[in-house]
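Inspection log for the structure reproduced underneath, given as structure tokens.
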Amino acid sequence: MDTLAQTAAATPDWLVAEMPPGYKNRLEEIERLTKDLQAMWRFGRLLWATGPQLSDTVRDVFATLKLPVESIVSGDSTFHAVRLDSQRRLMIFVSPHQEVIERKSHDVAESFRMLHELCGDHDRGVLVANPHPMMPPAVRPESIAPDALAILKRLGVNVLSGPGTFQLWTLALQDPERASRLLERLHEQDGGVFQVPKTA
């Protein structure tokens with residue numbers, strides 16, 4: 001499709017008017033489908049990306065739900081504050097690593113710092129992680145070690161996987177109201193792994 005786009009860009013503007021009937025409609029349809037595929041591909045990064053690519057796409061998922069999202073840079077990390085209403089926010093830290101989250105990992109330390117430096121009384125901390133991103137989601141091992149999970153549970157931080165965030169995005173496309181209710185549950189859960197139901 002990139003080749004087709006490059007070819008179309010290299011042709012004179014008047015060519016469309018000279019072509020047989022239906023050419024313009026087909027060209028417009030291809031352009032529309034290409035844009036749709038590019039958008040889907042971008043959200044597909046939730047399944048395999050890490051670092052800034054994953055962080056940017058996580059932010060875009062919440063923007064898709066028409067929620068205000070503020071990105072906050074603190075030290076070497078970026079956090080996303082997703083406003084649910086006038087008081088409540090989801091404060092999200094996206095892990096930049098591909099490794100399983102261990103007790104002494106950077107992700108646990110940044111989650112703790114997020115709670116103490118950025119979260120208010122009505123905010124919920126969320127850690128989004130994508131360990132083993134090159135493996136299909138269904139066969140990936142656990143993303144977090146039990147002792148690390150125990151600490152995050154005590155802190156009240158919820159852990160959301162990249163594939164879980166992908167399911168949230170898929171649900172937002174199909175049923176935005178149900179996706180909004182799921183975010184309410186994400187805010188209410190007081191620490192631990194947050195499971196997102198698979199969509200059809």
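As shown in the structure tokens, the chain order sets the letters A, B, ...; within each chain, residues go from 1, and ligands are also counted from 1 in the order they appear.
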
Long-range neighbours of Met114 of chain A as an MDAnalysis selection string, 12 Å cut-off, only C-alpha atoms, 2 positions minimum in chain
chainID A and resid 72:75 77:81 90:94 106:112 116:120 123:127 152 155:157

Can those selected residues be exported to a file as a short mmCIF file (atom, residue, chain, number, x, y, z; two decimals), in the first residue's frame so that it contains N, CA, C and O atoms?
```cif
data_model
loop_
_atom_site.label_atom_id
_atom_site.label_comp_id
_atom_site.auth_asym_id
_atom_site.auth_seq_id
_atom_site.Cartn_x
_atom_site.Cartn_y
_atom_site.Cartn_z
N ILE A 72 2.69 14.00 32.41
CA ILE A 72 3.51 14.69 33.39
C ILE A 72 4.91 14.09 33.36
O ILE A 72 5.08 12.89 33.59
N VAL A 73 5.90 14.90 33.06
CA VAL A 73 7.29 14.45 33.06
C VAL A 73 7.89 14.74 34.43
O VAL A 73 7.83 15.87 34.91
N SER A 74 8.42 13.72 35.05
CA SER A 74 9.04 13.86 36.37
C SER A 74 10.31 13.02 36.38
O SER A 74 10.25 11.79 36.24
N GLY A 75 11.44 13.67 36.51
CA GLY A 75 12.70 12.95 36.41
C GLY A 75 12.86 12.40 34.99
O GLY A 75 12.64 13.10 34.01
N SER A 77 11.01 9.91 33.90
CA SER A 77 9.78 9.17 33.60
C SER A 77 8.64 10.10 33.20
O SER A 77 8.60 11.27 33.60
N THR A 78 7.72 9.53 32.42
CA THR A 78 6.49 10.23 32.05
C THR A 78 5.31 9.48 32.64
O THR A 78 5.24 8.25 32.55
N PHE A 79 4.40 10.22 33.23
CA PHE A 79 3.18 9.66 33.81
C PHE A 79 1.99 10.28 33.10
O PHE A 79 2.05 11.42 32.66
N HIS A 80 0.91 9.52 32.99
CA HIS A 80 -0.31 10.02 32.36
C HIS A 80 -1.41 10.12 33.41
O HIS A 80 -1.74 9.13 34.07
N ALA A 81 -1.96 11.32 33.56
CA ALA A 81 -3.06 11.54 34.48
C ALA A 81 -4.35 11.58 33.67
O ALA A 81 -4.57 12.48 32.86
N LEU A 90 -7.00 8.44 37.11
CA LEU A 90 -6.11 7.29 37.01
C LEU A 90 -4.73 7.87 36.74
O LEU A 90 -4.54 8.60 35.76
N MET A 91 -3.77 7.57 37.58
CA MET A 91 -2.40 8.02 37.37
C MET A 91 -1.61 6.83 36.85
O MET A 91 -1.47 5.80 37.54
N ILE A 92 -1.13 6.93 35.63
CA ILE A 92 -0.58 5.76 34.93
C ILE A 92 0.92 5.91 34.68
O ILE A 92 1.38 6.94 34.16
N PHE A 93 1.65 4.86 35.05
CA PHE A 93 3.06 4.76 34.69
C PHE A 93 3.21 3.57 33.75
O PHE A 93 2.76 2.46 34.06
N VAL A 94 3.81 3.79 32.59
CA VAL A 94 4.02 2.73 31.61
C VAL A 94 5.47 2.26 31.70
O VAL A 94 6.40 3.05 31.52
N HIS A 106 12.80 -1.09 38.70
CA HIS A 106 12.54 0.34 38.47
C HIS A 106 11.04 0.61 38.44
O HIS A 106 10.58 1.65 38.92
N ASP A 107 10.26 -0.33 37.92
CA ASP A 107 8.81 -0.13 37.80
C ASP A 107 8.13 -0.02 39.17
O ASP A 107 7.25 0.82 39.36
N VAL A 108 8.54 -0.85 40.11
CA VAL A 108 7.97 -0.78 41.46
C VAL A 108 8.38 0.53 42.13
O VAL A 108 7.55 1.20 42.76
N ALA A 109 9.64 0.91 41.96
CA ALA A 109 10.12 2.17 42.56
C ALA A 109 9.38 3.37 41.97
O ALA A 109 8.97 4.28 42.71
N GLU A 110 9.16 3.37 40.66
CA GLU A 110 8.46 4.50 40.03
C GLU A 110 6.98 4.51 40.40
O GLU A 110 6.37 5.58 40.53
N SER A 111 6.39 3.34 40.60
CA SER A 111 4.99 3.28 41.06
C SER A 111 4.86 3.89 42.45
O SER A 111 3.92 4.64 42.74
N PHE A 112 5.83 3.57 43.32
CA PHE A 112 5.83 4.13 44.67
C PHE A 112 6.00 5.66 44.61
O PHE A 112 5.28 6.41 45.28
N HIS A 116 3.39 8.84 45.85
CA HIS A 116 3.75 9.82 46.87
C HIS A 116 3.99 11.22 46.33
O HIS A 116 3.84 12.19 47.08
N GLU A 117 4.32 11.34 45.05
CA GLU A 117 4.62 12.66 44.51
C GLU A 117 3.51 13.23 43.63
O GLU A 117 3.37 14.45 43.53
N LEU A 118 2.72 12.35 43.01
CA LEU A 118 1.76 12.84 42.02
C LEU A 118 0.30 12.55 42.33
O LEU A 118 -0.59 13.27 41.88
N CYS A 119 0.03 11.48 43.07
CA CYS A 119 -1.35 11.07 43.30
C CYS A 119 -1.99 11.84 44.45
O CYS A 119 -1.35 12.09 45.48
N GLY A 120 -3.26 12.20 44.26
CA GLY A 120 -4.06 12.77 45.32
C GLY A 120 -4.86 11.69 46.02
O GLY A 120 -4.77 10.50 45.70
N ASP A 123 -7.07 9.50 43.67
CA ASP A 123 -6.44 8.96 42.47
C ASP A 123 -6.12 7.48 42.66
O ASP A 123 -5.94 7.01 43.79
N ARG A 124 -6.04 6.76 41.55
CA ARG A 124 -5.66 5.35 41.57
C ARG A 124 -4.41 5.19 40.71
O ARG A 124 -4.38 5.60 39.55
N GLY A 125 -3.36 4.61 41.29
CA GLY A 125 -2.14 4.34 40.54
C GLY A 125 -2.29 3.09 39.68
O GLY A 125 -2.83 2.07 40.14
N VAL A 126 -1.81 3.17 38.44
CA VAL A 126 -1.88 2.03 37.52
C VAL A 126 -0.50 1.87 36.86
O VAL A 126 0.07 2.84 36.36
N LEU A 127 0.00 0.66 36.88
CA LEU A 127 1.24 0.31 36.19
C LEU A 127 0.89 -0.52 34.97
O LEU A 127 0.27 -1.57 35.08
N LEU A 152 2.90 -4.09 45.30
CA LEU A 152 1.98 -3.21 44.57
C LEU A 152 0.56 -3.32 45.12
O LEU A 152 -0.17 -2.33 45.18
N LEU A 155 0.38 -1.24 48.14
CA LEU A 155 0.36 0.18 47.76
C LEU A 155 -0.98 0.59 47.14
O LEU A 155 -1.27 1.79 47.02
N GLY A 156 -1.77 -0.40 46.72
CA GLY A 156 -3.03 -0.09 46.04
C GLY A 156 -2.85 0.24 44.58
O GLY A 156 -3.69 0.91 43.97
N VAL A 157 -1.74 -0.23 43.99
CA VAL A 157 -1.47 0.01 42.56
C VAL A 157 -2.00 -1.16 41.74
O VAL A 157 -1.73 -2.32 42.07
#
```

Got a sec: who's within 6 Å of Gly192 of chain A, counting only C-alpha atoms, leaving out chain neighbours fewer than 3 positions off, as a count of residues only?
3

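In this comparison, which uses only C-alpha atoms, the residue of A:Gln174, A:Gln189, A:Thr11, A:Ser95 approaching Thr64 of chain A most closely is A:Gln174.
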
From a DSSP calculation on the backbone, collect every residue of segment 38-147 of chain A in helix (DSSP H, G or I) and output the set as JSON, numbers by chain.
{"A": [38, 39, 40, 41, 42, 43, 44, 45, 46, 47, 51, 52, 53, 54, 55, 56, 57, 58, 59, 60, 61, 62, 63, 64, 106, 107, 108, 109, 110, 111, 112, 113, 114, 115, 116, 117, 137, 138, 139, 146, 147]}

Which of segment 5-196 of chain A end up as strand (DSSP E or B) when DSSP is run on this backbone - answer as JSON, numbers by chain?
{"A": [69, 70, 71, 72, 73, 74, 77, 78, 79, 80, 81, 82, 83, 89, 90, 91, 92, 93, 94, 101, 123, 124, 125, 126, 127, 128, 129, 144, 158, 159, 160, 161, 192, 193]}

Using only C-alpha atoms, which of the listed residues (A:Leu67, A:Val128, A:Leu37, A:Ala145) sits closest to Ala49 of chain A?
A:Val128

Residues within 12 Å of Ala39 of chain A, please, as a count of residues only. Count only C-alpha atoms; anything in the same chain fewer than 6 positions from it doesn't count.
8

Taking into account only C-alpha atoms, which residue in the set A:Ser105, A:Asn130, A:Gln98, A:Thr170 is nearest to Leu149 of chain A?
A:Ser105

For the atom pair atom CA of Asp147 of chain A and atom CA of Ser161 of chain A, what is the interatomic distance in Å to one decimal place?
17.6 Å

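Distances to Glu102 of chain A were evaluated for A:Ala63, A:Ile144, A:Met135, A:Val69 using only C-alpha atoms, and the minimum falls at A:Ile144.
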
What's around Ala172 of chain A at 12 Å? Count only C-alpha atoms, leave out sequence neighbours fewer than 3 positions away in its own chain, and write the answer as an MDAnalysis selection string.
chainID A and resid 60:67 165:169 175:183 199

Serialized selection, C-alpha atoms, as a PDB file, in the first residue's frame:
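This went into again37.pdb:
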```
ATOM      1  CA  ASP A  60      -4.182   7.520  23.034  1.00  0.00           C
ATOM      2  CA  VAL A  61      -6.466   4.735  24.323  1.00  0.00           C
ATOM      3  CA  PHE A  62      -7.834   7.012  27.031  1.00  0.00           C
ATOM      4  CA  ALA A  63      -8.128   9.888  24.582  1.00  0.00           C
ATOM      5  CA  THR A  64     -10.222   7.538  22.395  1.00  0.00           C
ATOM      6  CA  LEU A  65     -12.644   7.342  25.332  1.00  0.00           C
ATOM      7  CA  LYS A  66     -12.806  11.163  25.250  1.00  0.00           C
ATOM      8  CA  LEU A  67     -11.183  11.492  28.662  1.00  0.00           C
ATOM      9  CA  THR A 165      -5.006  -2.246  27.378  1.00  0.00           C
ATOM     10  CA  PHE A 166      -5.502  -3.492  23.812  1.00  0.00           C
ATOM     11  CA  GLN A 167      -8.715  -5.232  24.912  1.00  0.00           C
ATOM     12  CA  LEU A 168      -9.830  -1.980  26.546  1.00  0.00           C
ATOM     13  CA  TRP A 169      -9.248  -0.131  23.254  1.00  0.00           C
ATOM     14  CA  ASP A 175     -19.132  -0.370  23.270  1.00  0.00           C
ATOM     15  CA  PRO A 176     -17.791   2.913  24.733  1.00  0.00           C
ATOM     16  CA  GLU A 177     -20.257   2.825  27.623  1.00  0.00           C
ATOM     17  CA  ARG A 178     -19.079  -0.615  28.735  1.00  0.00           C
ATOM     18  CA  ALA A 179     -15.462   0.516  28.385  1.00  0.00           C
ATOM     19  CA  SER A 180     -16.228   3.490  30.658  1.00  0.00           C
ATOM     20  CA  ARG A 181     -17.705   1.130  33.266  1.00  0.00           C
ATOM     21  CA  LEU A 182     -14.544  -0.950  33.069  1.00  0.00           C
ATOM     22  CA  LEU A 183     -12.485   2.152  33.853  1.00  0.00           C
ATOM     23  CA  THR A 199     -13.956  -8.918  23.416  1.00  0.00           C
TER      24      THR A 199
END
```

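For the pair atom CA of Leu84 of chain A and atom CA of Leu173 of chain A, the interatomic distance is 18.4 Å.
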
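Across the model, the gap from atom CA of Gly162 of chain A to atom CA of Ala148 of chain A is 17.9 Å.
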
Among A:Met40, A:Val139, A:Leu115, A:Leu46, Leu160 of chain A is approached most closely, using only C-alpha atoms, by A:Leu46

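Between Glu188 of chain A and the candidates A:Gly44, A:Asp36, A:Pro21, A:His122, the tightest atom-to-atom separation, counting only C-alpha atoms, involves A:His122.
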